[in-house]
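**Student:** Dropping the structure in here first, questions after.
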Amino acid sequence: MSTIAVEALTKRYGTITAVDDLTFDLVPGRITGFLGPNGAGKSTTMRLLLGLAQPDSGRATINGRPYRELRDPLRQVGALLDPNVFHPGRSGRTALRIAARPARIPGQRVEEVLHLTGLGSAAHRRAGGYSQGMRQRLALAAALLGDPETLILDEPANGLDPEGVHWLRGLLRRLATEGRTIFVSSHLLAELAQTADDVVIINQGRLVAAGSIAGLLHHAGAASLEDLFLGATSPGAPATHPAFTQARSLS
Amino acid sequence: MRSLIAAELLKLRSTRSAWIPLGAALAAAVLAVIADTSAAGHGGNPPLSPAMLPDLLRGSGGQLVNGAVLLAWIVLSAGEFRHRTSVTTFLAEPNRLRVVSAKLAAAALTGVALGLLAEALSAATAAAVLSAHHVPLAWGQPGVLGAVVAVPLLATAYGVLGASLGLLLRNTAAAVGLALMWAFVIEGILPALIHEPGINRWLPEAAANAVLHGASPAALPVGVALTVLAGYAAVLAGAGAALTARREIPTTMG
C-alpha cells in the first residue's frame, strides 16, 4: 500500500496554476526525490499534502487519509517545510517541547532527537542565535519527534555543511531501511542521485516523470540525474517525458 | 484539548515579549495602591479610611490588567504567524478549530490568573498600607467582592479579544496598533462620527468600565455591560476561528 498518494491534485492562485492535475504515489522503504525548477509547485504540493493549504480539486492522502483527518499526525508524518519556524527567543529544547506537547510526546524523546541531530549541547541556546545549519537540524529534530513512518522534507540539506549533508544522507538511508517512506525535495541533483531510490519530477505544476532513478535513466538514455532532469524540464521538452510512460507509478 | 492548552501556556511562559506587559500590570497593581494611599489627605483628596478599600482593589484593574492581557495575547497569537511557528502548531494539530479553542482557553486562563494575582497584590499592599496607618480593614464591606470578581472577569474577556485579534490580523504591529487606536481614539470619537452619542456606553471600553466601577446614569447595568463585552469577545473569537479555518498557513518556501 502506498503511504503517500496524490490524485489529480490541482491548486490555483488567481490565474496561476501552481499544481496542475498532479498524480503520483509512493511506497514505504524508499527515498523519493521530488524535483522541479523553481516555481514548479514542489513546495505547494508538500503544503497540500500536509493540510496547510487546500486543493481546488483532487486529493492528497497519507496512509489513505488527508493529513487533516489523521489521528496523532506527528506520530505518522514528520515534516520539514521551512527551517525558520521557531521563535527566536525560545531555546531549541523549548521549541521542541512546545511541538511535542499536543501529541503528548515525552520530554525524553525531545532529548533523543536533540542528540540525534547533534543539537544536544546547543539545546539551551535561543534558536534566534542558531546558524542556518543548526536551524535546519532543529527542524529535522521536530520532524523526527513522533518517530513517524513517513517523512516529508523540503530542501532538508539547505544550510548544512558537508559533514551535515553526509550525516543527513546516512540518516535518511537508515530510516528508509527501517521501512519508512521518505519524500525529499531538493535542487542538489548530485546529492539526490546518491541518496534517492526514486524521483518524481514536475514542471509548471505538472508531472513530467516518475519512477526509479535507474529505470528512468535507462529509458531516457540519460547519463545522469542532471541530464534526465534538464531533459525533462527544458522549455522544449514534451509535456510528459517519454520515460514516464515506462514508469508511470512508483508502486 | 488539555495538551493543546498546555502547549499554548508553554508558549506564553517562554515568550519574553508577552511577559513584559503582564509584569508591568502586576507592578502597577502594587504601585497604584501606593500612589492612591500616598495622595490621600492631600490636595483635596479624602483621608485614608476603611471605605477606600474597594477603590484600591479596583485600581489594579481597568486598562492596566485588561491592556496587559490583551497585548500579551496579541503578541502570542499574531506572533505565531510573524515567526511562522504556526507551521509547527498546525502540523501537530491540523484541526484548526481545536487549536483556536486552545488559544482562547489559554488566553482566558491567563486573564483569570493575572486578574486574581493583581487583586491579591493590590489587597496585600492595601492591607499593609492601611494597617500601618491604623485604618481598620473592612473586607466584608460592599464593593470588595465585586472588585475581586470583576477584575479577573474583565481580564478573561480581554485575553479572548487579544487572541482573536491576533488570529484575525496575523500581524502583531497592526493588531497592537488597532487595539491602541480603538482604546485611545476610535471609541472616543465614534459616537460623534456616526452622530449617535448614546452608542458610547455600548462600546467595549465603556462596557468594561461599567463592569469595573458599577452602574451609573451614563453606563450600562453591570450584567448588561458584562454580556455586551462577552458578545464582543464571542464575535471576534468566531471571526478569528472562521478565518483561521479557511486561510492557508504561510511558509517562507514555496
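Identifiers in this document derive from the order of the C-alpha cells: chains are assigned A, B, ..., residues are numbered from 1 separately in each chain, and ligands are numbered from 1 in order of occurrence.
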Just the residues within 9 Å of A:Leu189, please, counting only C-alpha atoms, with nothing from its chain fewer than 6 positions along; format it as a compact mmCIF listing (two decimals) with N, CA and C atoms, in the first residue's frame.
**Tutor:**
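And here's out_1.txt as it stands now:
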```txt
# COMPACT_ATOMS: atom_id res chain seq x y z
N LEU A 35 11.63 16.61 -7.60
CA LEU A 35 12.42 17.57 -8.37
C LEU A 35 11.55 18.46 -9.23
N LEU A 225 21.33 11.97 -13.41
CA LEU A 225 20.05 12.54 -12.96
C LEU A 225 19.92 13.97 -13.47
N GLU A 226 21.05 14.68 -13.52
CA GLU A 226 21.03 16.05 -14.03
C GLU A 226 20.59 16.08 -15.48
N PHE A 229 16.90 15.35 -15.59
CA PHE A 229 16.13 16.50 -15.11
C PHE A 229 16.08 17.60 -16.15
```
**Student:** Pull out every residue of chain B sitting within 9 Å of chain A, counting only C-alpha atoms, and send them as a PyMOL selection string.
**Tutor:** chain B and resi 1-8+10-11+14-17+79-80+83-96+246-254
**Student:** Give the strand (DSSP E) residues of stretch 74-134 of chain A, as assigned by DSSP on the backbone, as a list in words.
**Tutor:**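 These are the residues in question: Val77, Gly78, Ala79 and Leu80 of chain A.
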**Student:** May I have the selected residues written with N, CA and C atoms, as a CSV table (one decimal), in the first residue's frame?
**Tutor:**
```csv
chain,number,residue,atom,x,y,z
A,77,VAL,N,3.5,11.2,10.5
A,77,VAL,CA,4.2,12.0,9.5
A,77,VAL,C,5.1,13.0,10.2
A,78,GLY,N,6.3,13.1,9.7
A,78,GLY,CA,7.2,14.2,10.1
A,78,GLY,C,7.5,15.1,8.9
A,79,ALA,N,7.5,16.4,9.2
A,79,ALA,CA,7.6,17.3,8.0
A,79,ALA,C,8.6,18.4,8.3
A,80,LEU,N,9.4,18.7,7.3
A,80,LEU,CA,10.3,19.9,7.4
A,80,LEU,C,9.9,20.7,6.1
```
**Student:** Excluding B:Ala78 and its own-chain neighbours fewer than 5 positions away, which residues fall within 7 Å of it when counting only C-alpha atoms? Please give them as number ranges by chain.
**Tutor:** B: 166-167, 170-172
**Student:** Write out, as a short mmCIF file (atom, residue, chain, number, x, y, z; two decimals), in the first residue's frame, the residues just selected, with C-alpha atoms.
**Tutor:**
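Wrote it out as part.cif, contents follow:
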```cif
data_model
loop_
_atom_site.label_atom_id
_atom_site.label_comp_id
_atom_site.auth_asym_id
_atom_site.auth_seq_id
_atom_site.Cartn_x
_atom_site.Cartn_y
_atom_site.Cartn_z
CA GLY B 166 -4.09 38.35 16.62
CA LEU B 167 -5.66 35.47 14.71
CA ARG B 170 -1.93 37.84 11.79
CA ASN B 171 0.26 40.92 12.14
CA THR B 172 1.49 41.94 15.59
#
```
**Student:** Which neighbours of A:Thr195 fall inside 12 Å, counting only C-alpha atoms, when residues of the same chain fewer than 4 positions from it are skipped, and could you give them as a PyMOL selection string?
**Tutor:** chain A and resi 30-34+157+165-176+182-186+188-191+199+213+225
**Student:** May I ask which of the residues A:Asp161, A:Glu112, A:Glu7, A:Glu149 is the closest one to A:Gln136, counting only C-alpha atoms?
**Tutor:**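 Checking each candidate against A:Gln136, we get A:Asp161 as the closest.
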**Student:** Neighbours of stretch 159-161 of chain B within 10 Å (only C-alpha atoms; same-chain residues fewer than 4 positions away dropped), as a PyMOL selection string?
**Tutor:** chain B and resi 65-74+103-112+153-155+165-167+179+229-230+232-237+240
**Student:** Quick one: everything within 12 Å of B:Trp202, counting only C-alpha atoms, minus sequence neighbours fewer than 5 positions away in the same chain. Send it as an MDAnalysis selection string.
**Tutor:** chainID B and resid 187 190:191 196:197 207:211 218:222 224:232
**Student:** Convert the current residue selection to file output with N, CA and C atoms, as a PDB file, in the first residue's frame.
**Tutor:**
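Resulting contents of result34.pdb:
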```
ATOM      1  N   GLU B 187     -12.850  54.749  19.998  1.00  0.00           N
ATOM      2  CA  GLU B 187     -14.036  54.652  20.873  1.00  0.00           C
ATOM      3  C   GLU B 187     -14.483  56.039  21.341  1.00  0.00           C
ATOM      4  N   LEU B 190     -16.040  57.798  17.930  1.00  0.00           N
ATOM      5  CA  LEU B 190     -17.037  57.067  17.125  1.00  0.00           C
ATOM      6  C   LEU B 190     -18.465  57.605  17.312  1.00  0.00           C
ATOM      7  N   PRO B 191     -18.908  57.847  18.570  1.00  0.00           N
ATOM      8  CA  PRO B 191     -20.288  58.348  18.734  1.00  0.00           C
ATOM      9  C   PRO B 191     -20.507  59.651  17.974  1.00  0.00           C
ATOM     10  N   GLU B 196     -24.357  59.428  16.962  1.00  0.00           N
ATOM     11  CA  GLU B 196     -25.131  58.603  17.891  1.00  0.00           C
ATOM     12  C   GLU B 196     -24.460  58.640  19.259  1.00  0.00           C
ATOM     13  N   PRO B 197     -24.592  59.733  20.009  1.00  0.00           N
ATOM     14  CA  PRO B 197     -23.883  59.830  21.289  1.00  0.00           C
ATOM     15  C   PRO B 197     -24.279  58.720  22.263  1.00  0.00           C
ATOM     16  N   ALA B 207     -18.184  49.572  28.326  1.00  0.00           N
ATOM     17  CA  ALA B 207     -18.799  48.405  28.979  1.00  0.00           C
ATOM     18  C   ALA B 207     -17.880  47.863  30.068  1.00  0.00           C
ATOM     19  N   ALA B 208     -16.568  47.819  29.779  1.00  0.00           N
ATOM     20  CA  ALA B 208     -15.614  47.333  30.777  1.00  0.00           C
ATOM     21  C   ALA B 208     -15.604  48.250  31.997  1.00  0.00           C
ATOM     22  N   ASN B 209     -15.658  49.552  31.768  1.00  0.00           N
ATOM     23  CA  ASN B 209     -15.690  50.493  32.900  1.00  0.00           C
ATOM     24  C   ASN B 209     -16.948  50.318  33.725  1.00  0.00           C
ATOM     25  N   ALA B 210     -18.075  50.027  33.048  1.00  0.00           N
ATOM     26  CA  ALA B 210     -19.328  49.820  33.778  1.00  0.00           C
ATOM     27  C   ALA B 210     -19.227  48.585  34.668  1.00  0.00           C
ATOM     28  N   VAL B 211     -18.589  47.532  34.161  1.00  0.00           N
ATOM     29  CA  VAL B 211     -18.423  46.308  34.956  1.00  0.00           C
ATOM     30  C   VAL B 211     -17.522  46.584  36.160  1.00  0.00           C
ATOM     31  N   ALA B 218     -24.890  57.144  33.275  1.00  0.00           N
ATOM     32  CA  ALA B 218     -24.412  57.138  31.891  1.00  0.00           C
ATOM     33  C   ALA B 218     -23.971  55.752  31.424  1.00  0.00           C
ATOM     34  N   ALA B 219     -23.898  54.801  32.343  1.00  0.00           N
ATOM     35  CA  ALA B 219     -23.335  53.489  31.990  1.00  0.00           C
ATOM     36  C   ALA B 219     -24.418  52.415  31.958  1.00  0.00           C
ATOM     37  N   LEU B 220     -24.086  51.314  31.317  1.00  0.00           N
ATOM     38  CA  LEU B 220     -24.990  50.164  31.289  1.00  0.00           C
ATOM     39  C   LEU B 220     -25.020  49.506  32.660  1.00  0.00           C
ATOM     40  N   PRO B 221     -26.116  48.819  33.010  1.00  0.00           N
ATOM     41  CA  PRO B 221     -26.104  47.988  34.226  1.00  0.00           C
ATOM     42  C   PRO B 221     -24.974  46.942  34.104  1.00  0.00           C
ATOM     43  N   VAL B 222     -24.441  46.531  35.258  1.00  0.00           N
ATOM     44  CA  VAL B 222     -23.265  45.657  35.251  1.00  0.00           C
ATOM     45  C   VAL B 222     -23.504  44.370  34.458  1.00  0.00           C
ATOM     46  N   VAL B 224     -25.664  43.750  32.067  1.00  0.00           N
ATOM     47  CA  VAL B 224     -25.782  44.025  30.623  1.00  0.00           C
ATOM     48  C   VAL B 224     -24.397  44.336  30.043  1.00  0.00           C
ATOM     49  N   ALA B 225     -23.614  45.137  30.789  1.00  0.00           N
ATOM     50  CA  ALA B 225     -22.280  45.511  30.311  1.00  0.00           C
ATOM     51  C   ALA B 225     -21.402  44.261  30.147  1.00  0.00           C
ATOM     52  N   LEU B 226     -21.505  43.353  31.106  1.00  0.00           N
ATOM     53  CA  LEU B 226     -20.709  42.125  31.024  1.00  0.00           C
ATOM     54  C   LEU B 226     -21.143  41.284  29.819  1.00  0.00           C
ATOM     55  N   THR B 227     -22.453  41.238  29.583  1.00  0.00           N
ATOM     56  CA  THR B 227     -22.964  40.487  28.431  1.00  0.00           C
ATOM     57  C   THR B 227     -22.495  41.125  27.118  1.00  0.00           C
ATOM     58  N   VAL B 228     -22.514  42.452  27.070  1.00  0.00           N
ATOM     59  CA  VAL B 228     -22.055  43.165  25.868  1.00  0.00           C
ATOM     60  C   VAL B 228     -20.580  42.836  25.590  1.00  0.00           C
ATOM     61  N   LEU B 229     -19.783  42.896  26.660  1.00  0.00           N
ATOM     62  CA  LEU B 229     -18.347  42.609  26.496  1.00  0.00           C
ATOM     63  C   LEU B 229     -18.128  41.162  26.061  1.00  0.00           C
ATOM     64  N   ALA B 230     -18.868  40.248  26.658  1.00  0.00           N
ATOM     65  CA  ALA B 230     -18.762  38.837  26.255  1.00  0.00           C
ATOM     66  C   ALA B 230     -19.185  38.679  24.803  1.00  0.00           C
ATOM     67  N   GLY B 231     -20.177  39.476  24.370  1.00  0.00           N
ATOM     68  CA  GLY B 231     -20.610  39.437  22.976  1.00  0.00           C
ATOM     69  C   GLY B 231     -19.503  39.866  22.031  1.00  0.00           C
ATOM     70  N   TYR B 232     -18.817  40.972  22.370  1.00  0.00           N
ATOM     71  CA  TYR B 232     -17.686  41.415  21.535  1.00  0.00           C
ATOM     72  C   TYR B 232     -16.625  40.302  21.444  1.00  0.00           C
TER      73      TYR B 232
END
```
**Student:** Which value, in Å to one decimal, gives the distance between atom CA of A:Thr17 and atom CA of B:Leu243?
**Tutor:**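 Separating atom CA of A:Thr17 from atom CA of B:Leu243 is a distance of 23.3 Å.
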**Student:** Could you build a table of the residues in stretch 141-214 of chain B lying no more than 10 Å from stretch 41-57 of chain B, giving for each the nearest pair of atoms and their separation in Å rounded to one decimal place, using only C-alpha atoms, ordered by chain and ascending residue number, as a Markdown table?
**Tutor:**
```
| residue | atom | partner | partner_atom | distance |
| --- | --- | --- | --- | --- |
| B:Gln141 | CA | B:Ala51 | CA | 7.9 |
| B:Pro142 | CA | B:Pro54 | CA | 7.8 |
| B:Gly143 | CA | B:Pro54 | CA | 5.3 |
| B:Val144 | CA | B:Pro54 | CA | 4.7 |
| B:Leu145 | CA | B:Pro54 | CA | 8.2 |
| B:Gly146 | CA | B:Pro54 | CA | 8.2 |
| B:Ala147 | CA | B:Leu57 | CA | 6.1 |
| B:Val148 | CA | B:Leu57 | CA | 7.1 |
| B:Val151 | CA | B:Leu57 | CA | 8.8 |
| B:Leu212 | CA | B:Asp55 | CA | 9.9 |
| B:His213 | CA | B:Asp55 | CA | 8.6 |
```
**Student:** Given the selection you just returned, output its residues as a file containing C-alpha atoms, formatted as a short mmCIF file (atom, residue, chain, number, x, y, z; two decimals), in the first residue's frame.
**Tutor:**
```
data_model
loop_
_atom_site.label_atom_id
_atom_site.label_comp_id
_atom_site.auth_asym_id
_atom_site.auth_seq_id
_atom_site.Cartn_x
_atom_site.Cartn_y
_atom_site.Cartn_z
CA GLN B 141 -17.94 45.89 53.01
CA PRO B 142 -19.90 46.31 49.77
CA GLY B 143 -17.74 46.62 46.67
CA VAL B 144 -14.82 44.46 47.82
CA LEU B 145 -16.17 41.21 46.44
CA GLY B 146 -17.36 42.97 43.28
CA ALA B 147 -13.86 44.27 42.59
CA VAL B 148 -12.26 40.89 43.23
CA VAL B 151 -11.09 42.35 37.54
CA LEU B 212 -15.47 47.57 36.99
CA HIS B 213 -16.98 50.67 38.57
#
```
**Student:** Measuring atom to atom with only C-alpha atoms, identify which of A:Ser121, A:Thr150, A:Leu207, A:Leu145 is nearest to A:Leu9.
**Tutor:**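 Between A:Ser121, A:Thr150, A:Leu207, A:Leu145, the residue approaching A:Leu9 most closely is A:Leu207.
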**Student:** Name the residues of stretch 82-179 of chain A that come out as alpha helix (DSSP H) in a backbone DSSP run; write them as a short mmCIF file (atom, residue, chain, number, x, y, z; two decimals) with N, CA and C atoms, in the first residue's frame.
**Tutor:**
```cif
data_model
loop_
_atom_site.label_atom_id
_atom_site.label_comp_id
_atom_site.auth_asym_id
_atom_site.auth_seq_id
_atom_site.Cartn_x
_atom_site.Cartn_y
_atom_site.Cartn_z
N GLY A 92 16.17 25.89 21.67
CA GLY A 92 15.84 24.75 20.81
C GLY A 92 15.04 23.70 21.57
N ARG A 93 15.44 23.48 22.83
CA ARG A 93 14.73 22.47 23.63
C ARG A 93 13.28 22.87 23.87
N THR A 94 13.06 24.14 24.23
CA THR A 94 11.69 24.60 24.49
C THR A 94 10.85 24.54 23.22
N ALA A 95 11.46 24.92 22.10
CA ALA A 95 10.72 24.87 20.83
C ALA A 95 10.23 23.45 20.56
N LEU A 96 11.09 22.46 20.82
CA LEU A 96 10.68 21.07 20.58
C LEU A 96 9.65 20.61 21.61
N ARG A 97 9.79 21.07 22.85
CA ARG A 97 8.80 20.69 23.87
C ARG A 97 7.42 21.22 23.51
N ILE A 98 7.40 22.45 22.96
CA ILE A 98 6.12 23.01 22.53
C ILE A 98 5.54 22.18 21.38
N ALA A 99 6.41 21.79 20.45
CA ALA A 99 5.93 20.99 19.31
C ALA A 99 5.46 19.61 19.77
N ALA A 100 6.11 19.08 20.81
CA ALA A 100 5.80 17.72 21.27
C ALA A 100 4.53 17.65 22.12
N GLY A 107 9.23 14.23 27.23
CA GLY A 107 10.46 15.01 27.18
C GLY A 107 11.68 14.18 26.83
N GLN A 108 11.64 12.91 27.18
CA GLN A 108 12.79 12.03 26.87
C GLN A 108 13.01 11.94 25.36
N ARG A 109 11.91 11.91 24.61
CA ARG A 109 12.02 11.85 23.14
C ARG A 109 12.60 13.16 22.60
N VAL A 110 12.25 14.28 23.23
CA VAL A 110 12.83 15.56 22.83
C VAL A 110 14.35 15.50 22.96
N GLU A 111 14.83 14.95 24.09
CA GLU A 111 16.28 14.84 24.29
C GLU A 111 16.90 13.89 23.26
N GLU A 112 16.17 12.83 22.93
CA GLU A 112 16.69 11.86 21.94
C GLU A 112 16.91 12.52 20.58
N VAL A 113 15.91 13.28 20.12
CA VAL A 113 16.05 13.87 18.78
C VAL A 113 17.07 15.02 18.79
N LEU A 114 17.20 15.70 19.93
CA LEU A 114 18.24 16.73 20.04
C LEU A 114 19.61 16.07 19.90
N HIS A 115 19.78 14.95 20.56
CA HIS A 115 21.04 14.22 20.49
C HIS A 115 21.26 13.67 19.07
N LEU A 116 20.19 13.11 18.48
CA LEU A 116 20.27 12.51 17.15
C LEU A 116 20.70 13.54 16.10
N GLN A 132 22.15 28.79 10.16
CA GLN A 132 21.12 28.20 9.29
C GLN A 132 21.16 26.67 9.37
N GLY A 133 22.37 26.14 9.43
CA GLY A 133 22.51 24.69 9.53
C GLY A 133 21.91 24.16 10.82
N MET A 134 22.10 24.90 11.92
CA MET A 134 21.53 24.45 13.20
C MET A 134 20.01 24.54 13.17
N ARG A 135 19.48 25.59 12.54
CA ARG A 135 18.01 25.70 12.43
C ARG A 135 17.46 24.54 11.59
N GLN A 136 18.23 24.17 10.55
CA GLN A 136 17.81 23.04 9.72
C GLN A 136 17.78 21.76 10.55
N ARG A 137 18.81 21.57 11.38
CA ARG A 137 18.85 20.39 12.24
C ARG A 137 17.71 20.41 13.25
N LEU A 138 17.39 21.61 13.76
CA LEU A 138 16.27 21.71 14.72
C LEU A 138 14.95 21.36 14.03
N ALA A 139 14.81 21.82 12.79
CA ALA A 139 13.58 21.49 12.04
C ALA A 139 13.52 19.98 11.77
N LEU A 140 14.67 19.38 11.49
CA LEU A 140 14.70 17.93 11.31
C LEU A 140 14.34 17.21 12.62
N ALA A 141 14.87 17.74 13.72
CA ALA A 141 14.54 17.16 15.03
C ALA A 141 13.04 17.20 15.27
N ALA A 142 12.41 18.33 14.91
CA ALA A 142 10.95 18.45 15.08
C ALA A 142 10.23 17.44 14.21
N ALA A 143 10.75 17.21 12.99
CA ALA A 143 10.11 16.24 12.09
C ALA A 143 10.21 14.82 12.65
N LEU A 144 11.28 14.55 13.38
CA LEU A 144 11.51 13.19 13.88
C LEU A 144 10.87 12.94 15.25
N PRO A 162 29.25 20.19 4.66
CA PRO A 162 29.46 18.86 4.04
C PRO A 162 29.29 17.71 5.02
N GLU A 163 29.77 17.91 6.26
CA GLU A 163 29.60 16.85 7.26
C GLU A 163 28.11 16.64 7.56
N GLY A 164 27.38 17.74 7.59
CA GLY A 164 25.94 17.67 7.85
C GLY A 164 25.21 16.96 6.72
N VAL A 165 25.61 17.26 5.48
CA VAL A 165 24.98 16.61 4.32
C VAL A 165 25.26 15.11 4.37
N HIS A 166 26.48 14.77 4.72
CA HIS A 166 26.86 13.35 4.83
C HIS A 166 26.03 12.66 5.92
N TRP A 167 25.91 13.36 7.05
CA TRP A 167 25.10 12.83 8.16
C TRP A 167 23.64 12.63 7.74
N LEU A 168 23.11 13.63 7.02
CA LEU A 168 21.70 13.57 6.60
C LEU A 168 21.49 12.39 5.65
N ARG A 169 22.45 12.20 4.74
CA ARG A 169 22.33 11.10 3.77
C ARG A 169 22.25 9.76 4.52
N GLY A 170 23.13 9.60 5.50
CA GLY A 170 23.13 8.36 6.28
C GLY A 170 21.85 8.19 7.07
N LEU A 171 21.37 9.29 7.64
CA LEU A 171 20.14 9.23 8.44
C LEU A 171 18.94 8.81 7.57
N LEU A 172 18.81 9.44 6.40
CA LEU A 172 17.67 9.13 5.54
C LEU A 172 17.74 7.68 5.05
N ARG A 173 18.96 7.24 4.73
CA ARG A 173 19.10 5.86 4.26
C ARG A 173 18.70 4.89 5.37
N ARG A 174 19.15 5.17 6.59
CA ARG A 174 18.82 4.29 7.71
C ARG A 174 17.30 4.26 7.94
N LEU A 175 16.68 5.42 7.87
CA LEU A 175 15.24 5.49 8.10
C LEU A 175 14.47 4.74 7.01
N ALA A 176 14.96 4.84 5.76
CA ALA A 176 14.30 4.11 4.67
C ALA A 176 14.48 2.61 4.85
N THR A 177 15.67 2.23 5.29
CA THR A 177 15.93 0.80 5.50
C THR A 177 15.00 0.23 6.57
#
```
